[in-house]
$ cat upload-v5.txt   # compact mmCIF, C-alpha atoms
# COMPACT_ATOMS: atom_id res chain seq x y z
CA MET A 1 0.00 0.00 0.00
CA VAL A 2 1.17 3.50 -0.76
CA LEU A 3 1.19 5.61 2.37
CA PRO A 4 0.40 9.19 1.39
CA ALA A 5 2.92 11.72 2.64
CA LYS A 6 1.50 14.17 5.16
CA ASP A 7 0.35 16.55 2.51
CA ASP A 8 -0.06 14.29 -0.42
CA VAL A 9 -3.82 14.03 -0.26
CA ARG A 10 -5.82 14.53 -3.43
CA SER A 11 -7.80 17.32 -1.79
CA HIS A 12 -8.87 18.53 1.64
CA CYS A 13 -12.53 18.08 0.78
CA PRO A 14 -13.85 16.42 3.94
CA VAL A 15 -15.39 13.52 2.03
CA ASN A 16 -12.18 12.89 0.14
CA TYR A 17 -9.93 13.26 3.18
CA GLY A 18 -11.77 10.54 5.08
CA LEU A 19 -11.66 8.26 2.04
CA GLU A 20 -7.90 8.72 1.78
CA ILE A 21 -7.50 7.46 5.34
CA PHE A 22 -10.11 4.71 5.65
CA GLY A 23 -11.69 4.45 2.17
CA ASP A 24 -10.77 0.87 1.43
CA LYS A 25 -12.31 -2.54 1.96
CA TRP A 26 -10.38 -3.36 5.15
CA SER A 27 -9.71 -0.46 7.53
CA LEU A 28 -13.24 -0.16 8.86
CA LEU A 29 -13.36 -3.93 9.36
CA ILE A 30 -10.55 -3.55 11.89
CA VAL A 31 -12.48 -0.76 13.61
CA ARG A 32 -15.58 -2.97 13.52
CA ASP A 33 -13.71 -5.87 15.10
CA ILE A 34 -12.69 -3.65 18.01
CA VAL A 35 -16.06 -1.92 18.44
CA PHE A 36 -18.41 -4.86 17.95
CA ALA A 37 -16.32 -7.83 19.04
CA GLY A 38 -13.65 -6.41 21.36
CA LYS A 39 -10.76 -7.81 19.34
CA ARG A 40 -7.35 -6.41 20.21
CA THR A 41 -4.59 -8.52 18.63
CA TYR A 42 -3.28 -9.22 15.14
CA GLY A 43 -4.20 -12.89 15.59
CA GLU A 44 -7.79 -12.01 16.50
CA PHE A 45 -8.21 -9.71 13.48
CA LEU A 46 -6.74 -12.40 11.25
CA LYS A 47 -9.57 -14.77 12.20
CA SER A 48 -12.27 -12.44 10.87
CA GLU A 49 -14.76 -13.99 8.50
CA GLU A 50 -13.71 -11.80 5.55
CA GLY A 51 -10.23 -13.30 5.55
CA PHE A 52 -7.56 -10.64 5.83
CA ALA A 53 -4.40 -11.52 3.93
CA THR A 54 -1.53 -11.25 6.42
CA ASN A 55 0.30 -8.55 4.45
CA ILE A 56 -2.85 -6.44 4.06
CA LEU A 57 -3.70 -6.71 7.75
CA ALA A 58 -0.16 -5.79 8.79
CA SER A 59 -0.02 -2.79 6.45
CA ARG A 60 -3.47 -1.52 7.43
CA LEU A 61 -2.64 -1.80 11.14
CA ALA A 62 0.63 0.08 10.63
CA PHE A 63 -1.10 2.78 8.58
CA LEU A 64 -3.89 3.27 11.11
CA VAL A 65 -1.32 3.57 13.91
CA GLU A 66 0.64 6.08 11.81
CA GLN A 67 -2.55 8.08 11.22
CA GLY A 68 -3.28 8.18 14.95
CA ILE A 69 -6.45 6.10 14.67
CA LEU A 70 -5.11 3.05 16.49
CA ALA A 71 -2.74 2.93 19.45
CA LYS A 72 -0.43 -0.04 19.91
CA THR A 73 0.67 -1.14 23.36
CA PRO A 74 2.64 -4.17 24.57
CA ASN A 75 0.50 -7.03 25.82
CA PRO A 76 1.31 -7.47 29.53
CA SER A 77 0.58 -11.20 29.40
CA ASP A 78 2.56 -11.95 26.23
CA ARG A 79 5.08 -9.41 25.07
CA ARG A 80 5.15 -10.79 21.54
CA LYS A 81 1.48 -9.95 21.04
CA GLU A 82 0.77 -6.27 20.85
CA LEU A 83 -2.62 -4.86 21.77
CA TYR A 84 -4.44 -2.45 19.48
CA SER A 85 -7.03 0.02 20.67
CA LEU A 86 -8.86 3.00 19.23
CA THR A 87 -7.56 6.48 20.04
CA GLU A 88 -10.03 9.36 20.36
CA LYS A 89 -9.56 9.97 16.63
CA GLY A 90 -10.39 6.32 16.04
CA LEU A 91 -13.39 6.40 18.39
CA ASP A 92 -14.68 9.27 16.24
CA LEU A 93 -15.07 6.74 13.41
CA ILE A 94 -17.91 5.05 15.29
CA PRO A 95 -20.60 7.27 13.68
CA VAL A 96 -19.18 6.39 10.24
CA LEU A 97 -19.31 2.69 11.13
CA LEU A 98 -22.87 2.94 12.42
CA SER A 99 -24.05 4.84 9.34
CA VAL A 100 -22.70 2.03 7.16
CA VAL A 101 -24.51 -0.49 9.38
CA LEU A 102 -27.82 1.33 8.92
CA TRP A 103 -27.42 1.49 5.16
CA SER A 104 -26.67 -2.22 4.85
CA ALA A 105 -29.36 -3.21 7.36
CA LYS A 106 -31.84 -1.53 5.03
CA HIS A 107 -30.46 -2.66 1.68
CA ASP A 108 -28.93 -6.11 2.15
CA PRO A 109 -31.71 -8.71 2.32
CA LYS A 110 -29.28 -11.18 3.88
CA SER A 111 -27.79 -8.75 6.38
CA TYR A 112 -26.64 -10.13 9.71
CA ALA A 113 -28.17 -6.94 11.07
CA ARG A 114 -31.49 -8.75 10.81
CA ARG A 115 -30.43 -10.84 13.80
CA ARG A 116 -29.94 -7.63 15.77
CA LYS A 117 -33.29 -5.93 15.38
CA ASP A 118 -33.15 -4.22 18.77
CA PHE A 119 -29.83 -2.63 18.03
CA VAL A 120 -30.90 -1.49 14.55
CA THR A 121 -34.15 -0.05 15.90
CA ARG A 122 -32.23 1.89 18.52
CA LEU A 123 -29.80 3.11 15.88
CA ASN A 124 -32.62 4.22 13.59
CA ARG A 125 -34.29 6.06 16.44
CA SER A 126 -31.16 7.95 17.41
CA ALA A 127 -27.92 7.27 15.62
CA GLN A 128 -26.25 10.19 17.35
CA LYS A 129 -27.08 9.15 20.93
CA THR A 130 -26.31 5.50 20.19
CA GLY A 131 -22.99 6.55 18.71
CA GLU A 132 -22.12 8.49 21.85
CA ASP A 133 -23.09 5.56 24.07
CA VAL A 134 -21.03 3.11 22.01
CA LYS A 135 -18.06 5.48 22.04
CA GLU A 136 -18.22 5.70 25.83
CA LEU A 137 -18.48 1.91 26.10
CA VAL A 138 -15.50 1.29 23.82
CA ARG A 139 -13.45 4.04 25.45
CA LYS A 140 -13.80 2.07 28.69
CA GLY A 141 -12.61 -1.11 27.00
CA GLY A 142 -16.05 -2.59 26.34
CA PHE A 143 -17.65 -3.61 23.05
CA ILE A 144 -21.12 -4.13 21.66
CA PHE A 145 -21.72 -7.85 21.29
CA ALA A 146 -19.83 -9.90 23.86
CA GLU A 147 -20.63 -13.19 22.16
CA LEU A 148 -18.93 -12.15 18.93
CA ASN A 149 -15.48 -12.44 20.48
CA LYS A 150 -14.94 -16.14 20.04
CA MET B 1 -12.58 -3.59 -11.33
CA VAL B 2 -14.02 -6.92 -10.29
CA LEU B 3 -17.76 -6.73 -9.94
CA PRO B 4 -18.84 -9.15 -7.22
CA ALA B 5 -21.51 -11.59 -8.29
CA LYS B 6 -24.79 -11.12 -6.48
CA ASP B 7 -23.79 -13.47 -3.71
CA ASP B 8 -20.09 -13.26 -3.86
CA VAL B 9 -19.69 -10.92 -0.90
CA ARG B 10 -17.13 -11.77 1.75
CA SER B 11 -19.83 -11.68 4.43
CA HIS B 12 -23.22 -10.16 5.13
CA CYS B 13 -21.88 -8.28 8.13
CA PRO B 14 -23.46 -4.85 7.65
CA VAL B 15 -20.13 -3.05 7.89
CA ASN B 16 -18.54 -5.35 5.35
CA TYR B 17 -21.50 -5.29 2.96
CA GLY B 18 -21.38 -1.51 2.67
CA LEU B 19 -17.63 -1.60 2.12
CA GLU B 20 -18.06 -4.11 -0.70
CA ILE B 21 -20.34 -1.68 -2.50
CA PHE B 22 -18.82 1.73 -1.80
CA GLY B 23 -15.63 1.01 0.19
CA ASP B 24 -13.14 2.50 -2.22
CA LYS B 25 -11.55 5.88 -2.80
CA TRP B 26 -13.94 6.97 -5.56
CA SER B 27 -17.57 5.90 -5.19
CA LEU B 28 -18.48 8.31 -2.43
CA LEU B 29 -16.81 11.14 -4.36
CA ILE B 30 -19.41 10.62 -7.10
CA VAL B 31 -22.18 10.71 -4.48
CA ARG B 32 -20.55 13.82 -3.00
CA ASP B 33 -20.46 15.53 -6.40
CA ILE B 34 -24.19 14.97 -6.79
CA VAL B 35 -25.16 15.91 -3.22
CA PHE B 36 -22.89 18.89 -2.65
CA ALA B 37 -22.38 20.26 -6.15
CA GLY B 38 -25.34 19.04 -8.18
CA LYS B 39 -23.21 17.34 -10.82
CA ARG B 40 -25.03 14.98 -13.14
CA THR B 41 -22.87 14.06 -16.13
CA TYR B 42 -19.73 12.04 -16.77
CA GLY B 43 -17.98 15.19 -17.95
CA GLU B 44 -18.84 17.06 -14.74
CA PHE B 45 -17.57 14.22 -12.53
CA LEU B 46 -14.38 14.07 -14.58
CA LYS B 47 -13.58 17.67 -13.67
CA SER B 48 -13.49 16.94 -9.93
CA GLU B 49 -10.41 18.14 -8.09
CA GLU B 50 -9.29 14.62 -7.17
CA GLY B 51 -8.82 13.69 -10.81
CA PHE B 52 -10.81 10.60 -11.75
CA ALA B 53 -9.06 8.48 -14.36
CA THR B 54 -11.56 7.98 -17.19
CA ASN B 55 -11.62 4.19 -16.87
CA ILE B 56 -12.12 4.33 -13.10
CA LEU B 57 -14.94 6.85 -13.41
CA ALA B 58 -16.67 4.82 -16.12
CA SER B 59 -16.41 1.56 -14.16
CA ARG B 60 -17.56 3.12 -10.87
CA LEU B 61 -20.56 4.74 -12.59
CA ALA B 62 -21.51 1.43 -14.22
CA PHE B 63 -21.12 -0.45 -10.94
CA LEU B 64 -23.20 2.06 -8.96
CA VAL B 65 -25.94 1.86 -11.60
CA GLU B 66 -25.79 -1.95 -11.47
CA GLN B 67 -26.07 -1.82 -7.67
CA GLY B 68 -29.15 0.42 -7.88
CA ILE B 69 -27.44 3.39 -6.24
CA LEU B 70 -27.41 5.59 -9.34
CA ALA B 71 -30.04 5.89 -12.05
CA LYS B 72 -29.02 6.80 -15.58
CA THR B 73 -31.38 8.70 -17.85
CA PRO B 74 -30.94 10.23 -21.30
CA ASN B 75 -30.18 13.93 -21.29
CA PRO B 76 -33.09 15.66 -23.05
CA SER B 77 -30.86 18.47 -24.34
CA ASP B 78 -28.02 16.27 -25.58
CA ARG B 79 -28.71 12.60 -26.10
CA ARG B 80 -25.02 11.68 -26.03
CA LYS B 81 -24.70 12.90 -22.45
CA GLU B 82 -26.50 10.76 -19.95
CA LEU B 83 -27.68 12.15 -16.64
CA TYR B 84 -26.93 10.40 -13.38
CA SER B 85 -29.01 10.79 -10.26
CA LEU B 86 -29.27 9.08 -6.88
CA THR B 87 -31.97 6.49 -6.39
CA GLU B 88 -33.58 6.09 -2.96
CA LYS B 89 -30.88 3.54 -2.16
CA GLY B 90 -28.28 6.10 -3.19
CA LEU B 91 -29.95 8.89 -1.21
CA ASP B 92 -29.63 6.61 1.82
CA LEU B 93 -25.86 7.06 1.52
CA ILE B 94 -26.19 10.69 2.58
CA PRO B 95 -25.80 9.88 6.32
CA VAL B 96 -22.62 7.93 5.49
CA LEU B 97 -21.30 10.90 3.52
CA LEU B 98 -22.14 13.35 6.30
CA SER B 99 -20.51 11.18 8.96
CA VAL B 100 -17.30 11.19 6.92
CA VAL B 101 -17.57 14.99 6.62
CA LEU B 102 -17.85 15.37 10.40
CA TRP B 103 -14.86 13.14 11.03
CA SER B 104 -12.65 15.03 8.59
CA ALA B 105 -13.90 18.43 9.73
CA LYS B 106 -12.64 17.51 13.19
CA HIS B 107 -9.40 15.79 12.25
CA ASP B 108 -8.05 17.48 9.12
CA PRO B 109 -6.48 20.81 10.07
CA LYS B 110 -6.66 21.92 6.44
CA SER B 111 -10.21 20.76 5.86
CA TYR B 112 -12.34 22.72 3.41
CA ALA B 113 -15.06 22.15 5.99
CA ARG B 114 -13.51 25.06 7.90
CA ARG B 115 -14.94 27.36 5.24
CA ARG B 116 -18.39 25.95 6.01
CA LYS B 117 -18.66 26.47 9.73
CA ASP B 118 -22.43 26.98 9.70
CA PHE B 119 -23.03 23.72 7.92
CA VAL B 120 -20.66 21.78 10.20
CA THR B 121 -22.24 23.30 13.32
CA ARG B 122 -25.66 22.29 12.10
CA LEU B 123 -24.40 18.81 11.32
CA ASN B 124 -22.83 18.45 14.76
CA ARG B 125 -26.02 19.60 16.40
CA SER B 126 -28.19 17.13 14.54
CA ALA B 127 -26.66 14.88 11.93
CA GLN B 128 -29.88 12.90 11.62
CA LYS B 129 -32.18 15.87 10.96
CA THR B 130 -29.64 17.50 8.63
CA GLY B 131 -29.33 14.21 6.75
CA GLU B 132 -33.09 14.05 6.28
CA ASP B 133 -33.22 17.66 5.08
CA VAL B 134 -30.37 17.10 2.61
CA LYS B 135 -32.01 13.92 1.34
CA GLU B 136 -35.25 15.78 0.72
CA LEU B 137 -33.37 18.57 -1.06
CA VAL B 138 -31.44 16.19 -3.33
CA ARG B 139 -34.52 14.09 -4.01
CA LYS B 140 -36.09 17.22 -5.46
CA GLY B 141 -33.05 17.83 -7.67
CA GLY B 142 -31.33 20.35 -5.41
CA PHE B 143 -27.89 20.23 -3.83
CA ILE B 144 -26.09 21.77 -0.90
CA PHE B 145 -23.68 24.38 -2.20
CA ALA B 146 -24.86 26.00 -5.40
CA GLU B 147 -21.57 27.77 -6.01
CA LEU B 148 -19.65 24.49 -6.14
CA ASN B 149 -21.15 23.59 -9.49
CA LYS B 150 -18.77 25.47 -11.74

$ encode --input "upload-v5.txt" --output "structure tokens"
Amino acid sequence: MVLPAKDDVRSHCPVNYGLEIFGDKWSLLIVRDIVFAGKRTYGEFLKSEEGFATNILASRLAFLVEQGILAKTPNPSDRRKELYSLTEKGLDLIPVLLSVVLWSAKHDPKSYARRRKDFVTRLNRSAQKTGEDVKELVRKGGFIFAELNK
Amino acid sequence: MVLPAKDDVRSHCPVNYGLEIFGDKWSLLIVRDIVFAGKRTYGEFLKSEEGFATNILASRLAFLVEQGILAKTPNPSDRRKELYSLTEKGLDLIPVLLSVVLWSAKHDPKSYARRRKDFVTRLNRSAQKTGEDVKELVRKGGFIFAELNK
């Protein structure tokens, strides 16, 4: 992956700027894994259903750390496994994530969101408040669906 | 670009599903051009600051039409130039677009959003209501910033 130099973005249009940072098929899956399933290690991300290639996962993690979206800390129980968490800048991606969820819940007839009607209803009622609640939860080290972290 | 077959998505996770459709560096720029600047033709999209390559623009337009996000109609004044507009499914991307705008407005120090403080303030106050208003505007053929359509 080509990492854009600090001022090598195509434009500072706010839509474009976001796309330059996380506009790909993988970055928001990492954010999803943290927010929805509480994943924190390379090995946990690697197990995701969509099948990250190892090189893509490694480069996306490095890029998101470089961009200040993820923070990397040593794992106290196993120093070879680093722990990833969302910074405040990363937590601010939660509304983006939730807006994608709402779109797919409405337009994908096979969406897994259909198994989570309560959550989708709450999101439809107030995406903003739900986003703030989720952000607070994740900031404290929690995540949305405990059973997803197998 | 590889167009995924109808059921060739990596998963029906609602985050992933959205990314399979519009998770790239270009699709949401087309939606942006329609919503913010009222662009409607291939030639107008091509002039965007970020510099679409002709083959990328053509393939993204075709894909978004195929996915039911854009509708293509003949241009009454020039039959060689087709007009693109957002379907209801495409209009539903407006909250995604606006959530990206809010993230970049906060995190890009050079963001063009800084020239649009009133709009960003309104968006921060109520993203949901603003999204509904913008959707209604665009559904009627309007767009956000008239002066952007040069």

$ closest_residue --input "upload-v5.txt" --among "B:Gly23, B:Gln128, B:Val31, B:Trp103" --to "Gly90 of chain B" --atoms "all atoms listed in the file"
B:Val31

$ residues_near_point --input "upload-v5.txt" --point "(-13.7, 9.8, -0.5)" --cutoff "12 Å" --atoms "all atoms listed in the file" --output "PyMOL selection string"
(chain A and resi 9-24) or (chain B and resi 22-33+48-50+52+96-101+104)

$ residues_around --input "upload-v5.txt" --residues "Arg122 of chain A" --least-positions-apart "6" --cutoff "12 Å" --atoms "all atoms listed in the file" --output "PyMOL selection string"
chain A and resi 98+102+116+128-131+133-134

$ residues_around --input "upload-v5.txt" --residues "Asp78 of chain B" --least-positions-apart "5" --cutoff "12 Å" --atoms "all atoms listed in the file" --output "MDAnalysis selection string"
chainID B and resid 41 73 83

$ closest_residue --input "upload-v5.txt" --among "B:Ile144, B:Asp108, B:Ala127, B:Asp118" --to "Gly68 of chain A" --atoms "all atoms listed in the file"
B:Asp108

$ atom_distance --input "upload-v5.txt" --atom1 "atom CA of Ser126 of chain B" --atom2 "atom CA of His107 of chain B"
19.0 Å

$ atom_distance --input "upload-v5.txt" --atom1 "atom CA of Thr54 of chain A" --atom2 "atom CA of Phe143 of chain A"
24.4 Å

$ atom_distance --input "upload-v5.txt" --atom1 "atom CA of Ser77 of chain A" --atom2 "atom CA of Arg139 of chain A"
21.1 Å

$ closest_residue --input "upload-v5.txt" --among "B:Glu66, B:Glu44, B:Glu88, B:Glu82" --to "chain A" --atoms "all atoms listed in the file"
B:Glu88

$ closest_residue --input "upload-v5.txt" --among "A:Tyr42, A:Tyr112, A:Phe63, A:Phe36" --to "chain B" --atoms "only C-alpha atoms"
A:Tyr112

$ closest_residue --input "upload-v5.txt" --among "B:Gln67, B:Thr87, B:Ser111, B:Asn55" --to "chain A" --atoms "only C-alpha atoms"
B:Ser111

$ closest_residue --input "upload-v5.txt" --among "B:Pro74, B:Ile69, B:Lys81, B:Lys135" --to "chain A" --atoms "all atoms listed in the file"
B:Ile69

$ decode --input "upload-v5.txt" --residues "segment 21-33 of chain A" --atoms "all heavy atoms" --output "PDB file, in the first residue's frame"
ATOM      1  N   ILE A  21      -7.993   8.118   4.128  1.00  0.00           N
ATOM      2  CA  ILE A  21      -7.502   7.458   5.340  1.00  0.00           C
ATOM      3  C   ILE A  21      -8.137   6.072   5.506  1.00  0.00           C
ATOM      4  O   ILE A  21      -7.462   5.100   5.803  1.00  0.00           O
ATOM      5  CB  ILE A  21      -7.806   8.301   6.607  1.00  0.00           C
ATOM      6  CG1 ILE A  21      -7.395   9.761   6.420  1.00  0.00           C
ATOM      7  CG2 ILE A  21      -7.158   7.679   7.846  1.00  0.00           C
ATOM      8  CD1 ILE A  21      -5.924  10.037   6.443  1.00  0.00           C
ATOM      9  N   PHE A  22      -9.455   6.002   5.353  1.00  0.00           N
ATOM     10  CA  PHE A  22     -10.112   4.712   5.645  1.00  0.00           C
ATOM     11  C   PHE A  22     -11.018   4.242   4.511  1.00  0.00           C
ATOM     12  O   PHE A  22     -11.835   3.357   4.711  1.00  0.00           O
ATOM     13  CB  PHE A  22     -10.891   4.782   6.977  1.00  0.00           C
ATOM     14  CG  PHE A  22     -11.886   5.924   7.058  1.00  0.00           C
ATOM     15  CD1 PHE A  22     -13.111   5.833   6.428  1.00  0.00           C
ATOM     16  CD2 PHE A  22     -11.576   7.091   7.750  1.00  0.00           C
ATOM     17  CE1 PHE A  22     -14.027   6.876   6.496  1.00  0.00           C
ATOM     18  CE2 PHE A  22     -12.488   8.156   7.816  1.00  0.00           C
ATOM     19  CZ  PHE A  22     -13.706   8.032   7.190  1.00  0.00           C
ATOM     20  N   GLY A  23     -10.851   4.825   3.316  1.00  0.00           N
ATOM     21  CA  GLY A  23     -11.689   4.449   2.174  1.00  0.00           C
ATOM     22  C   GLY A  23     -11.125   3.247   1.443  1.00  0.00           C
ATOM     23  O   GLY A  23     -10.589   3.373   0.343  1.00  0.00           O
ATOM     24  N   ASP A  24     -11.223   2.105   2.058  1.00  0.00           N
ATOM     25  CA  ASP A  24     -10.769   0.867   1.433  1.00  0.00           C
ATOM     26  C   ASP A  24     -11.630  -0.246   2.018  1.00  0.00           C
ATOM     27  O   ASP A  24     -12.469   0.001   2.879  1.00  0.00           O
ATOM     28  CB  ASP A  24      -9.280   0.635   1.725  1.00  0.00           C
ATOM     29  CG  ASP A  24      -9.025   0.413   3.192  1.00  0.00           C
ATOM     30  OD1 ASP A  24      -9.132  -0.738   3.648  1.00  0.00           O
ATOM     31  OD2 ASP A  24      -8.748   1.394   3.922  1.00  0.00           O
ATOM     32  N   LYS A  25     -11.419  -1.452   1.532  1.00  0.00           N
ATOM     33  CA  LYS A  25     -12.305  -2.537   1.960  1.00  0.00           C
ATOM     34  C   LYS A  25     -11.922  -3.160   3.297  1.00  0.00           C
ATOM     35  O   LYS A  25     -12.574  -4.094   3.762  1.00  0.00           O
ATOM     36  CB  LYS A  25     -12.351  -3.624   0.880  1.00  0.00           C
ATOM     37  CG  LYS A  25     -12.859  -3.101  -0.459  1.00  0.00           C
ATOM     38  CD  LYS A  25     -13.727  -4.091  -1.182  1.00  0.00           C
ATOM     39  CE  LYS A  25     -14.205  -3.549  -2.530  1.00  0.00           C
ATOM     40  NZ  LYS A  25     -14.689  -2.148  -2.491  1.00  0.00           N
ATOM     41  N   TRP A  26     -10.871  -2.661   3.953  1.00  0.00           N
ATOM     42  CA  TRP A  26     -10.376  -3.358   5.153  1.00  0.00           C
ATOM     43  C   TRP A  26     -10.331  -2.525   6.422  1.00  0.00           C
ATOM     44  O   TRP A  26     -10.614  -3.043   7.512  1.00  0.00           O
ATOM     45  CB  TRP A  26      -8.971  -3.920   4.858  1.00  0.00           C
ATOM     46  CG  TRP A  26      -8.964  -4.881   3.711  1.00  0.00           C
ATOM     47  CD1 TRP A  26      -8.580  -4.624   2.420  1.00  0.00           C
ATOM     48  CD2 TRP A  26      -9.405  -6.245   3.722  1.00  0.00           C
ATOM     49  NE1 TRP A  26      -8.745  -5.745   1.643  1.00  0.00           N
ATOM     50  CE2 TRP A  26      -9.251  -6.754   2.414  1.00  0.00           C
ATOM     51  CE3 TRP A  26      -9.912  -7.086   4.720  1.00  0.00           C
ATOM     52  CZ2 TRP A  26      -9.584  -8.070   2.078  1.00  0.00           C
ATOM     53  CZ3 TRP A  26     -10.249  -8.396   4.390  1.00  0.00           C
ATOM     54  CH2 TRP A  26     -10.091  -8.868   3.084  1.00  0.00           C
ATOM     55  N   SER A  27      -9.951  -1.255   6.311  1.00  0.00           N
ATOM     56  CA  SER A  27      -9.710  -0.461   7.532  1.00  0.00           C
ATOM     57  C   SER A  27     -10.896  -0.468   8.490  1.00  0.00           C
ATOM     58  O   SER A  27     -10.728  -0.678   9.693  1.00  0.00           O
ATOM     59  CB  SER A  27      -9.371   0.983   7.168  1.00  0.00           C
ATOM     60  OG  SER A  27      -8.159   1.005   6.457  1.00  0.00           O
ATOM     61  N   LEU A  28     -12.088  -0.229   7.958  1.00  0.00           N
ATOM     62  CA  LEU A  28     -13.237  -0.156   8.864  1.00  0.00           C
ATOM     63  C   LEU A  28     -13.612  -1.532   9.417  1.00  0.00           C
ATOM     64  O   LEU A  28     -14.309  -1.624  10.423  1.00  0.00           O
ATOM     65  CB  LEU A  28     -14.436   0.520   8.186  1.00  0.00           C
ATOM     66  CG  LEU A  28     -14.301   2.039   7.954  1.00  0.00           C
ATOM     67  CD1 LEU A  28     -15.557   2.596   7.290  1.00  0.00           C
ATOM     68  CD2 LEU A  28     -14.036   2.805   9.254  1.00  0.00           C
ATOM     69  N   LEU A  29     -13.131  -2.599   8.772  1.00  0.00           N
ATOM     70  CA  LEU A  29     -13.364  -3.934   9.359  1.00  0.00           C
ATOM     71  C   LEU A  29     -12.550  -4.091  10.644  1.00  0.00           C
ATOM     72  O   LEU A  29     -12.993  -4.744  11.590  1.00  0.00           O
ATOM     73  CB  LEU A  29     -12.994  -5.057   8.380  1.00  0.00           C
ATOM     74  CG  LEU A  29     -13.831  -5.172   7.102  1.00  0.00           C
ATOM     75  CD1 LEU A  29     -13.419  -6.434   6.335  1.00  0.00           C
ATOM     76  CD2 LEU A  29     -15.324  -5.207   7.396  1.00  0.00           C
ATOM     77  N   ILE A  30     -11.360  -3.505  10.666  1.00  0.00           N
ATOM     78  CA  ILE A  30     -10.546  -3.546  11.894  1.00  0.00           C
ATOM     79  C   ILE A  30     -11.257  -2.757  12.998  1.00  0.00           C
ATOM     80  O   ILE A  30     -11.386  -3.229  14.127  1.00  0.00           O
ATOM     81  CB  ILE A  30      -9.136  -2.974  11.624  1.00  0.00           C
ATOM     82  CG1 ILE A  30      -8.391  -3.849  10.609  1.00  0.00           C
ATOM     83  CG2 ILE A  30      -8.339  -2.847  12.930  1.00  0.00           C
ATOM     84  CD1 ILE A  30      -7.052  -3.274  10.115  1.00  0.00           C
ATOM     85  N   VAL A  31     -11.742  -1.580  12.633  1.00  0.00           N
ATOM     86  CA  VAL A  31     -12.475  -0.762  13.613  1.00  0.00           C
ATOM     87  C   VAL A  31     -13.720  -1.526  14.086  1.00  0.00           C
ATOM     88  O   VAL A  31     -14.012  -1.588  15.283  1.00  0.00           O
ATOM     89  CB  VAL A  31     -12.865   0.611  13.013  1.00  0.00           C
ATOM     90  CG1 VAL A  31     -13.625   1.452  14.029  1.00  0.00           C
ATOM     91  CG2 VAL A  31     -11.615   1.368  12.541  1.00  0.00           C
ATOM     92  N   ARG A  32     -14.420  -2.141  13.162  1.00  0.00           N
ATOM     93  CA  ARG A  32     -15.582  -2.969  13.516  1.00  0.00           C
ATOM     94  C   ARG A  32     -15.214  -4.068  14.502  1.00  0.00           C
ATOM     95  O   ARG A  32     -15.913  -4.292  15.495  1.00  0.00           O
ATOM     96  CB  ARG A  32     -16.135  -3.631  12.238  1.00  0.00           C
ATOM     97  CG  ARG A  32     -17.206  -4.684  12.535  1.00  0.00           C
ATOM     98  CD  ARG A  32     -17.344  -5.702  11.413  1.00  0.00           C
ATOM     99  NE  ARG A  32     -16.158  -6.559  11.297  1.00  0.00           N
ATOM    100  CZ  ARG A  32     -16.007  -7.520  10.395  1.00  0.00           C
ATOM    101  NH1 ARG A  32     -16.960  -7.735   9.507  1.00  0.00           N
ATOM    102  NH2 ARG A  32     -14.908  -8.254  10.366  1.00  0.00           N
ATOM    103  N   ASP A  33     -14.110  -4.760  14.229  1.00  0.00           N
ATOM    104  CA  ASP A  33     -13.710  -5.874  15.098  1.00  0.00           C
ATOM    105  C   ASP A  33     -13.454  -5.410  16.524  1.00  0.00           C
ATOM    106  O   ASP A  33     -13.722  -6.148  17.479  1.00  0.00           O
ATOM    107  CB  ASP A  33     -12.457  -6.560  14.535  1.00  0.00           C
ATOM    108  CG  ASP A  33     -12.787  -7.497  13.379  1.00  0.00           C
ATOM    109  OD1 ASP A  33     -13.988  -7.736  13.126  1.00  0.00           O
ATOM    110  OD2 ASP A  33     -11.849  -8.002  12.732  1.00  0.00           O
TER     111      ASP A  33
END
